[in-house]
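Asker: Next comes the structure file run-v3.cif, holding mmCIF, C-alpha atoms and all ligand atoms.
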data_coords
#
loop_
_atom_site.label_atom_id
_atom_site.label_comp_id
_atom_site.auth_asym_id
_atom_site.auth_seq_id
_atom_site.Cartn_x
_atom_site.Cartn_y
_atom_site.Cartn_z
CA MET A 1 3.14 -13.86 -8.67
CA ILE A 2 3.61 -13.15 -4.96
CA LYS A 3 6.89 -11.39 -4.31
CA LEU A 4 9.58 -12.37 -1.83
CA GLY A 5 11.34 -9.79 0.29
CA VAL A 6 14.38 -11.29 1.97
CA ASN A 7 15.15 -10.02 5.45
CA ILE A 8 18.92 -10.01 5.97
CA ASP A 9 19.01 -8.87 9.62
CA HIS A 10 20.09 -12.35 10.65
CA VAL A 11 23.26 -12.09 8.58
CA ALA A 12 24.11 -8.90 10.45
CA THR A 13 23.35 -10.65 13.78
CA LEU A 14 26.05 -13.19 12.96
CA ARG A 15 28.53 -10.45 12.08
CA GLN A 16 27.75 -8.53 15.28
CA ALA A 17 28.49 -11.64 17.34
CA ARG A 18 32.16 -10.80 16.64
CA LYS A 19 31.64 -7.11 15.87
CA GLY A 20 33.77 -7.72 12.79
CA ARG A 21 33.23 -7.49 9.04
CA GLU A 22 31.84 -10.85 8.07
CA PRO A 23 29.37 -11.97 7.01
CA ASP A 24 28.49 -8.67 5.34
CA PRO A 25 24.72 -8.16 4.91
CA VAL A 26 25.48 -6.06 1.83
CA HIS A 27 27.00 -9.12 0.14
CA ALA A 28 24.05 -11.20 1.33
CA ALA A 29 21.63 -8.73 -0.26
CA ALA A 30 23.40 -9.00 -3.62
CA ILE A 31 23.34 -12.81 -3.50
CA ALA A 32 19.65 -12.81 -2.56
CA GLU A 33 18.84 -10.49 -5.45
CA LEU A 34 20.79 -12.60 -7.93
CA ALA A 35 18.87 -15.64 -6.66
CA GLY A 36 15.55 -13.94 -7.42
CA ALA A 37 14.57 -11.97 -4.31
CA ASP A 38 12.14 -9.21 -5.22
CA GLY A 39 13.24 -6.97 -2.39
CA ILE A 40 15.60 -6.63 0.55
CA THR A 41 14.31 -5.93 4.04
CA VAL A 42 16.32 -4.62 6.98
CA HIS A 43 15.37 -3.41 10.44
CA LEU A 44 17.47 -0.59 11.81
CA ARG A 45 16.89 -1.11 15.52
CA GLU A 46 17.34 1.63 18.06
CA ASP A 47 20.00 -0.46 19.85
CA ARG A 48 21.73 -1.29 16.51
CA ARG A 49 21.96 -4.93 17.55
CA HIS A 50 22.27 -6.15 13.95
CA ILE A 51 21.91 -3.75 11.01
CA GLN A 52 24.19 -0.70 11.31
CA ASP A 53 23.82 2.77 9.80
CA ARG A 54 26.67 1.92 7.43
CA ASP A 55 24.75 -1.08 6.08
CA LEU A 56 21.70 1.01 5.34
CA LEU A 57 23.73 3.66 3.52
CA ILE A 58 25.46 1.12 1.28
CA LEU A 59 22.29 -0.89 0.70
CA ARG A 60 20.49 2.23 -0.46
CA GLU A 61 23.12 2.51 -3.18
CA SER A 62 23.53 -1.18 -3.99
CA VAL A 63 20.06 -2.74 -3.83
CA ARG A 64 18.70 -3.13 -7.34
CA THR A 65 15.22 -4.41 -6.47
CA ARG A 66 13.49 -2.60 -3.59
CA LEU A 67 14.72 -1.64 -0.16
CA ASN A 68 12.21 -2.02 2.65
CA LEU A 69 13.23 -0.44 5.94
CA GLU A 70 11.54 -1.76 9.06
CA MET A 71 11.55 0.97 11.65
CA ALA A 72 10.15 2.02 14.99
CA ILE A 73 8.15 5.24 15.11
CA GLU A 74 10.72 7.05 17.27
CA GLU A 75 12.25 10.29 16.07
CA GLY A 76 15.88 9.23 15.46
CA VAL A 77 15.13 6.49 12.98
CA SER A 78 12.31 8.49 11.35
CA ARG A 79 14.84 11.18 10.46
CA ILE A 80 17.24 8.58 9.05
CA ALA A 81 14.44 7.12 6.91
CA GLU A 82 13.53 10.56 5.56
CA GLU A 83 17.15 11.10 4.61
CA ILE A 84 17.94 7.64 3.18
CA LYS A 85 14.59 7.31 1.36
CA PRO A 86 14.05 3.53 1.23
CA ASP A 87 11.47 2.42 -1.34
CA MET A 88 9.21 1.37 1.50
CA ALA A 89 9.17 1.88 5.26
CA THR A 90 7.42 -0.68 7.44
CA LEU A 91 6.51 0.73 10.83
CA VAL A 92 7.01 -1.84 13.56
CA PRO A 93 6.81 -1.87 17.36
CA GLU A 94 10.14 -2.16 19.10
CA LYS A 95 11.13 -3.14 22.61
CA ARG A 96 14.76 -3.30 23.63
CA GLU A 97 14.31 -6.50 25.64
CA GLU A 98 12.59 -8.51 22.89
CA VAL A 99 14.44 -11.16 20.88
CA THR A 100 12.46 -10.32 17.75
CA THR A 101 9.40 -8.21 16.85
CA GLU A 102 6.96 -9.99 19.10
CA GLY A 103 3.64 -8.53 18.00
CA GLY A 104 2.11 -6.05 15.63
CA LEU A 105 2.13 -2.29 16.00
CA ASP A 106 -0.85 -0.98 17.95
CA VAL A 107 -2.01 1.60 15.42
CA ILE A 108 -4.91 2.68 17.64
CA SER A 109 -3.04 3.78 20.73
CA ASN A 110 -0.17 5.26 18.66
CA LYS A 111 -2.39 6.87 16.03
CA GLU A 112 -1.20 10.47 16.41
CA ARG A 113 2.48 9.63 16.12
CA ILE A 114 1.87 7.15 13.29
CA LYS A 115 -0.15 9.72 11.37
CA GLU A 116 2.71 12.20 11.66
CA VAL A 117 5.38 9.65 10.59
CA ILE A 118 3.25 8.43 7.64
CA GLY A 119 2.79 12.01 6.47
CA ARG A 120 6.50 12.79 6.67
CA LEU A 121 7.58 9.59 4.90
CA LYS A 122 4.98 9.94 2.15
CA LYS A 123 6.16 13.50 1.53
CA ARG A 124 9.57 11.99 0.73
CA GLY A 125 7.98 9.58 -1.78
CA ILE A 126 8.33 6.54 0.50
CA LEU A 127 5.59 3.89 0.50
CA VAL A 128 4.42 3.18 4.05
CA SER A 129 3.40 -0.18 5.45
CA LEU A 130 2.10 -0.88 8.97
CA PHE A 131 3.09 -4.18 10.59
CA ILE A 132 -0.07 -5.18 12.43
CA ASP A 133 -1.74 -8.20 13.96
CA PRO A 134 -4.64 -9.56 11.89
CA GLU A 135 -7.30 -7.78 13.96
CA ARG A 136 -10.32 -5.94 12.58
CA LYS A 137 -9.77 -2.71 14.53
CA GLN A 138 -6.09 -2.56 13.56
CA VAL A 139 -6.94 -3.07 9.88
CA GLU A 140 -9.67 -0.43 9.96
CA LYS A 141 -7.43 2.10 11.70
CA SER A 142 -4.60 1.42 9.22
CA ALA A 143 -6.95 2.30 6.36
CA ASN A 144 -8.09 5.37 8.26
CA LEU A 145 -4.47 6.47 8.69
CA LYS A 146 -3.98 6.14 4.92
CA ALA A 147 -1.15 3.64 4.98
CA ASP A 148 -0.28 2.24 1.55
CA PHE A 149 0.24 -1.29 2.82
CA ILE A 150 -0.29 -3.38 5.88
CA GLU A 151 1.96 -6.31 6.67
CA PHE A 152 0.23 -8.96 8.73
CA HIS A 153 2.29 -10.33 11.61
CA THR A 154 2.09 -14.06 10.93
CA GLY A 155 3.87 -15.12 14.13
CA CYS A 156 0.74 -16.49 15.87
CA PHE A 157 -0.18 -18.47 12.76
CA ALA A 158 3.37 -19.84 12.51
CA ASN A 159 3.44 -20.93 16.17
CA ALA A 160 -0.08 -22.34 16.39
CA VAL A 161 -0.86 -26.05 16.16
CA ALA A 162 -3.97 -28.14 15.45
CA ALA A 163 -7.30 -26.29 15.81
CA GLN A 164 -5.62 -23.03 16.75
CA HIS A 165 -3.59 -23.20 13.54
CA GLU A 166 -6.82 -23.35 11.52
CA GLU A 167 -8.24 -20.44 13.51
CA GLU A 168 -5.19 -18.30 12.84
CA LEU A 169 -5.29 -19.19 9.17
CA THR A 170 -8.95 -18.20 8.89
CA ARG A 171 -8.27 -14.97 10.78
CA LEU A 172 -5.51 -14.02 8.34
CA HIS A 173 -7.67 -14.79 5.31
CA GLU A 174 -10.64 -12.81 6.68
CA MET A 175 -8.56 -9.81 7.67
CA ALA A 176 -6.83 -9.76 4.28
CA GLU A 177 -10.25 -9.61 2.62
CA LEU A 178 -11.23 -6.71 4.85
CA ALA A 179 -7.95 -4.92 4.11
CA VAL A 180 -8.47 -5.19 0.36
CA LYS A 181 -12.05 -3.91 0.75
CA LEU A 182 -10.71 -0.88 2.61
CA GLY A 183 -8.19 -0.14 -0.15
CA LEU A 184 -5.08 -1.41 1.60
CA ARG A 185 -2.34 -3.41 -0.11
CA VAL A 186 -1.31 -6.55 1.77
CA ASN A 187 2.03 -8.10 2.75
CA ALA A 188 2.75 -10.79 5.34
CA GLY A 189 5.70 -11.93 7.38
CA HIS A 190 7.27 -13.29 10.56
CA GLY A 191 7.94 -16.90 11.38
CA LEU A 192 7.22 -18.09 7.84
CA ASN A 193 9.16 -21.08 6.64
CA TYR A 194 9.42 -23.69 3.88
CA TRP A 195 6.48 -25.64 5.33
CA ASN A 196 3.88 -23.03 6.26
CA VAL A 197 4.27 -20.41 3.51
CA ALA A 198 2.17 -22.32 0.96
CA GLU A 199 -0.91 -22.07 3.20
CA LEU A 200 -0.97 -18.30 2.84
CA VAL A 201 -0.62 -17.85 -0.91
CA THR A 202 -4.40 -17.64 -1.38
CA MET A 203 -4.76 -14.67 1.00
CA ALA A 204 -6.75 -11.89 -0.65
CA GLY A 205 -4.60 -9.21 -2.28
CA LEU A 206 -1.34 -10.64 -0.96
CA GLU A 207 1.57 -8.96 -2.73
CA GLU A 208 4.68 -9.93 -0.79
CA PHE A 209 6.10 -12.18 1.89
CA ASN A 210 8.93 -10.85 4.02
CA ILE A 211 10.99 -13.79 5.21
CA GLY A 212 14.31 -13.84 7.05
CA HIS A 213 15.07 -16.38 9.72
CA SER A 214 14.13 -19.56 7.88
CA ILE A 215 16.01 -18.53 4.71
CA ILE A 216 19.21 -17.61 6.56
CA SER A 217 18.95 -20.73 8.75
CA ARG A 218 18.67 -22.89 5.66
CA ALA A 219 21.57 -21.07 4.01
CA VAL A 220 23.80 -22.01 6.95
CA LEU A 221 22.97 -25.68 6.51
CA VAL A 222 22.95 -25.98 2.71
CA GLY A 223 26.13 -23.88 2.50
CA LEU A 224 28.08 -25.69 5.23
CA ASP A 225 29.29 -28.54 3.01
CA LYS A 226 30.81 -26.07 0.52
CA SER A 227 32.37 -23.85 3.17
CA VAL A 228 34.07 -26.81 4.93
CA LYS A 229 35.46 -28.03 1.59
CA GLU A 230 36.74 -24.54 0.81
CA MET A 231 38.52 -24.37 4.19
CA LYS A 232 40.14 -27.77 3.63
CA ALA A 233 41.32 -26.52 0.21
CA ALA A 234 42.72 -23.31 1.77
CA ILE A 235 44.72 -25.37 4.32
CA ARG A 236 46.01 -27.68 1.60
CA GLU A 237 47.02 -24.68 -0.52
CA GLY A 238 49.00 -23.30 2.45
CA GLU A 239 50.78 -26.64 2.88
CA ILE A 240 51.66 -26.83 -0.83
CA LEU A 241 53.09 -23.30 -0.72
CA LEU A 242 55.17 -24.25 2.32
CA ILE A 243 56.56 -27.37 0.62
CA GLN A 244 57.43 -25.35 -2.50
CA ARG A 245 59.18 -22.64 -0.42
CA ASN A 246 61.20 -25.22 1.51
CA LYS A 247 62.26 -26.88 -1.74
CA LEU A 248 63.39 -23.48 -3.07
CA TYR A 249 65.63 -22.88 -0.02
CA GLU A 250 67.07 -26.42 -0.20
CA LYS A 251 68.52 -25.70 -3.65
N1 LIG A 301 8.42 -8.70 8.69
C1 LIG A 301 8.67 -7.91 9.77
C2 LIG A 301 7.95 -6.61 9.87
C3 LIG A 301 9.61 -8.29 10.75
O1 LIG A 301 9.84 -7.50 11.82
C4 LIG A 301 10.32 -9.50 10.57
C5 LIG A 301 11.35 -9.90 11.57
O2 LIG A 301 12.44 -9.05 11.53
C6 LIG A 301 10.05 -10.27 9.42
C7 LIG A 301 9.08 -9.86 8.52
C8 LIG A 301 10.77 -11.56 9.15
O3 LIG A 301 10.54 -12.49 10.14
P1 LIG A 301 11.36 -13.86 10.15
O4 LIG A 301 12.80 -13.49 10.38
O5 LIG A 301 10.75 -14.62 11.27
O6 LIG A 301 11.17 -14.50 8.82
#
What is this file in structure tokens?
Ligand code: PXP
Answerer:
Amino acid sequence: MIKLGVNIDHVATLRQARKGREPDPVHAAAIAELAGADGITVHLREDRRHIQDRDLLILRESVRTRLNLEMAIEEGVSRIAEEIKPDMATLVPEKREEVTTEGGLDVISNKERIKEVIGRLKKRGILVSLFIDPERKQVEKSANLKADFIEFHTGCFANAVAAQHEEELTRLHEMAELAVKLGLRVNAGHGLNYWNVAELVTMAGLEEFNIGHSIISRAVLVGLDKSVKEMKAAIREGEILLIQRNKLYEK
């Protein structure tokens, strides 16, 4: 069965909107695992816009399935990864200005640095995945760099419509076949949702989807009814306590 890695960055984004303590991505990870997630994925960005160092430290201790750390290839976060030892590190491109990871890592122009980071992470027993676009040259270079996995960036597929959607789908299927032929293990993620995920389950060698935004978005909506009811109950409880206290003083 294809595994599901749940990306909880979006929970941390909500917390960072107030720079407070809730919602805690550590709690979210535990709930996701209890619901059947096969892994937890977080991206420790250079600007720490969502996941914080503290989250990563606690998650390393608390995650019972597998912890997948998405990371840029810069030195600071590479050192953290070597120290924390996630089960898997997914190397991603990172630009400060971007809203999300907008494209795959160019493993050709960054080959020297990627080779060094892969070597260092593997020495620490960490599986390494490269987040790439479904392009022949990127797949071939990933195999050449001896990555364990590649994760296909499925953003173009997710955004495409009509004929272009079919083209993107075919491209993903063909590149997955090539990856398997070259000895790479295959994951996929970005922009996947409850409607488009089924179209990718027949991709050659596919082991895991990494999905965040659509799951957390849905959680907000399906959980809203319960959270409003709980708030109404909390207000009512406060009123009952007040009435009881007043009665006590009247006596
Ligand atoms: N995989 C990688 C490597 C990512 O960078 C992201 C986005 O953080 C995802 C998967 C999940 O994407 P989404 O939040 O669109 O599901």
Asker: At a cut-off of 10 Å, using only C-alpha atoms, what residues contact Arg185 (chain A)? Leave out same-chain residues fewer than 5 positions from it and give the result as a PyMOL selection string.
Answerer: chain A and resi 129+143+147-151+176+179-180+204-208
Asker: So which one's closest to ligand LIG 301 (chain A), A:Asp47, A:Asp38, A:Glu102, A:Asp24? Using all atoms listed in the file, please.
Answerer: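 Ranked by minimum distance to ligand LIG 301 (chain A), first place goes to A:Glu102.
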Asker: Excluding Arg124 (chain A) and its own-chain neighbours fewer than 5 positions away, which residues fall within 9 Å of it when counting only C-alpha atoms? Please give them as number ranges by chain.
Answerer: A: 82-83, 85, 119
Asker: Using only C-alpha atoms and all ligand atoms, what does the table of chain A residues within 6 Å of ligand LIG 301 (chain A) look like, with each row giving the shortest atom pair and its distance in Å to one decimal, sorted by chain and ascending number, as JSON lines?
Answerer:
{"residue": "A:Asn7", "atom": "CA", "partner": "A:LIG301", "partner_atom": "C8", "distance": 5.9}
{"residue": "A:Thr101", "atom": "CA", "partner": "A:LIG301", "partner_atom": "O1", "distance": 5.1}
{"residue": "A:Phe131", "atom": "CA", "partner": "A:LIG301", "partner_atom": "C2", "distance": 5.5}
{"residue": "A:Gly189", "atom": "CA", "partner": "A:LIG301", "partner_atom": "C7", "distance": 4.1}
{"residue": "A:His190", "atom": "CA", "partner": "A:LIG301", "partner_atom": "O3", "distance": 3.4}
{"residue": "A:Gly191", "atom": "CA", "partner": "A:LIG301", "partner_atom": "O5", "distance": 3.6}
{"residue": "A:Leu192", "atom": "CA", "partner": "A:LIG301", "partner_atom": "O6", "distance": 5.4}
{"residue": "A:Asn210", "atom": "CA", "partner": "A:LIG301", "partner_atom": "C7", "distance": 4.6}
{"residue": "A:Ile211", "atom": "CA", "partner": "A:LIG301", "partner_atom": "O6", "distance": 3.7}
{"residue": "A:Gly212", "atom": "CA", "partner": "A:LIG301", "partner_atom": "O6", "distance": 3.7}
{"residue": "A:His213", "atom": "CA", "partner": "A:LIG301", "partner_atom": "O4", "distance": 3.7}
{"residue": "A:Ser214", "atom": "CA", "partner": "A:LIG301", "partner_atom": "O6", "distance": 5.9}
Asker: For the selection just defined, write its residues with C-alpha atoms to a file, as an mmCIF file, in the frame of the given file.
Answerer:
data_model
loop_
_atom_site.group_PDB
_atom_site.id
_atom_site.type_symbol
_atom_site.label_atom_id
_atom_site.label_comp_id
_atom_site.auth_asym_id
_atom_site.auth_seq_id
_atom_site.Cartn_x
_atom_site.Cartn_y
_atom_site.Cartn_z
ATOM 1 C CA ASN A 7 15.150 -10.020 5.450
ATOM 2 C CA THR A 101 9.400 -8.210 16.850
ATOM 3 C CA PHE A 131 3.090 -4.180 10.590
ATOM 4 C CA GLY A 189 5.700 -11.930 7.380
ATOM 5 C CA HIS A 190 7.270 -13.290 10.560
ATOM 6 C CA GLY A 191 7.940 -16.900 11.380
ATOM 7 C CA LEU A 192 7.220 -18.090 7.840
ATOM 8 C CA ASN A 210 8.930 -10.850 4.020
ATOM 9 C CA ILE A 211 10.990 -13.790 5.210
ATOM 10 C CA GLY A 212 14.310 -13.840 7.050
ATOM 11 C CA HIS A 213 15.070 -16.380 9.720
ATOM 12 C CA SER A 214 14.130 -19.560 7.880
#
Asker: Could you check the closest approach to Leu121 (chain A) for each of A:Asp9, A:Glu199, A:Glu98, A:Asp87 and tell me which residue wins, using only C-alpha atoms?
Answerer: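 That would be A:Asp87, the residue with the smallest distance to Leu121 (chain A).
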Asker: Ala12 (chain A): which residues within 8 Å, counting only C-alpha atoms, same-chain residues fewer than 3 positions away excluded, as a VMD selection string?
Answerer: chain A and resid 8 to 9 15 to 16 23 to 25 50 to 51
Asker: Smallest atom-to-atom distance to Phe209 (chain A): which of A:Arg79, A:Arg64, A:His27, A:His153, using only C-alpha atoms?
Answerer: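 Ranking A:Arg79, A:Arg64, A:His27, A:His153 by distance to Phe209 (chain A), first place goes to A:His153.
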Asker: What does the distance between CA of Thr13 (chain A) and CA of Glu70 (chain A) come to in Å, to one decimal place?
Answerer: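 Computing it gives 15.5 Å between the two atoms.
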Asker: Quick check, in Å to one decimal: how far apart do CA of Leu67 (chain A) and CA of Arg171 (chain A) lie?
Answerer: 28.7 Å
Asker: Which of these, A:Val186, A:Leu221, A:Leu69, A:Ala35, has the shortest distance to Leu57 (chain A) once you count all atoms listed in the file?
Answerer: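 Using all atoms listed in the file, the shortest distance to Leu57 (chain A) belongs to A:Leu69.
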Asker: Can you tell me how far CA of Leu59 (chain A) sits from CA of Ala28 (chain A), in Å to one decimal?
Answerer: 10.5 Å
Asker: Using only C-alpha atoms for the distances, tell me which of A:Ile235, A:Ala30, A:Leu14, A:Leu130 is nearest to Val220 (chain A).
Answerer: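 Smallest separation from Val220 (chain A) among the options: A:Leu14.
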Asker: Measuring atom to atom with all atoms listed in the file, identify which of A:Glu46, A:Glu230, A:Glu168, A:Glu177 is nearest to Gly76 (chain A).
Answerer: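 Of A:Glu46, A:Glu230, A:Glu168, A:Glu177, the one nearest Gly76 (chain A) is A:Glu46, counting all atoms listed in the file.
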Asker: Just need the box for region 208-225 of chain A, edges along x, y and z, holding every atom the file lists for it with 5 Å tacked onto each side, so centre and edge lengths in Å to one decimal, as JSON.
Answerer:
{"center_x": 17.0, "center_y": -19.2, "center_z": 4.5, "size_x": 34.6, "size_y": 28.6, "size_z": 20.5}
Asker: Please provide as a list in words all residues within 12 Å of Asn110 (chain A), with the sequence filter that same-chain residues fewer than 6 positions apart are discarded (counting all atoms listed in the file).
Answerer: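 Surrounding residues, per the criterion: Ala72, Ile73, Glu74, Leu91, Val92, Pro93, Gly104, Glu116, Val117, Ile118, Leu130, Gln138, Lys141, Ser142 and Leu145 of chain A.
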Asker: Just want the 12 Å neighbourhood of Ala198 (chain A), counted on only C-alpha atoms, with same-chain residues fewer than 3 positions away dropped. Output as a list in words.
Answerer: Ile2, Ala158, Leu169, Leu192, Asn193, Tyr194, Trp195, Val201, Thr202, Met203 and Phe209 of chain A
Asker: The residues within 12 Å of (17.9, -0.6, -1.9), using all atoms listed in the file and the coordinates of the file, should be reported as a compact mmCIF listing (two decimals) with C-alpha atoms, in the frame of the given file; which are they?
Answerer:
# COMPACT_ATOMS: atom_id res chain seq x y z
CA GLY A 5 11.34 -9.79 0.29
CA VAL A 6 14.38 -11.29 1.97
CA VAL A 26 25.48 -6.06 1.83
CA ALA A 29 21.63 -8.73 -0.26
CA ALA A 30 23.40 -9.00 -3.62
CA GLU A 33 18.84 -10.49 -5.45
CA ASP A 38 12.14 -9.21 -5.22
CA GLY A 39 13.24 -6.97 -2.39
CA ILE A 40 15.60 -6.63 0.55
CA THR A 41 14.31 -5.93 4.04
CA VAL A 42 16.32 -4.62 6.98
CA ASP A 55 24.75 -1.08 6.08
CA LEU A 56 21.70 1.01 5.34
CA LEU A 57 23.73 3.66 3.52
CA ILE A 58 25.46 1.12 1.28
CA LEU A 59 22.29 -0.89 0.70
CA ARG A 60 20.49 2.23 -0.46
CA GLU A 61 23.12 2.51 -3.18
CA SER A 62 23.53 -1.18 -3.99
CA VAL A 63 20.06 -2.74 -3.83
CA ARG A 64 18.70 -3.13 -7.34
CA THR A 65 15.22 -4.41 -6.47
CA ARG A 66 13.49 -2.60 -3.59
CA LEU A 67 14.72 -1.64 -0.16
CA ASN A 68 12.21 -2.02 2.65
CA LEU A 69 13.23 -0.44 5.94
CA ILE A 84 17.94 7.64 3.18
CA LYS A 85 14.59 7.31 1.36
CA PRO A 86 14.05 3.53 1.23
CA ASP A 87 11.47 2.42 -1.34
CA MET A 88 9.21 1.37 1.50
CA ALA A 89 9.17 1.88 5.26
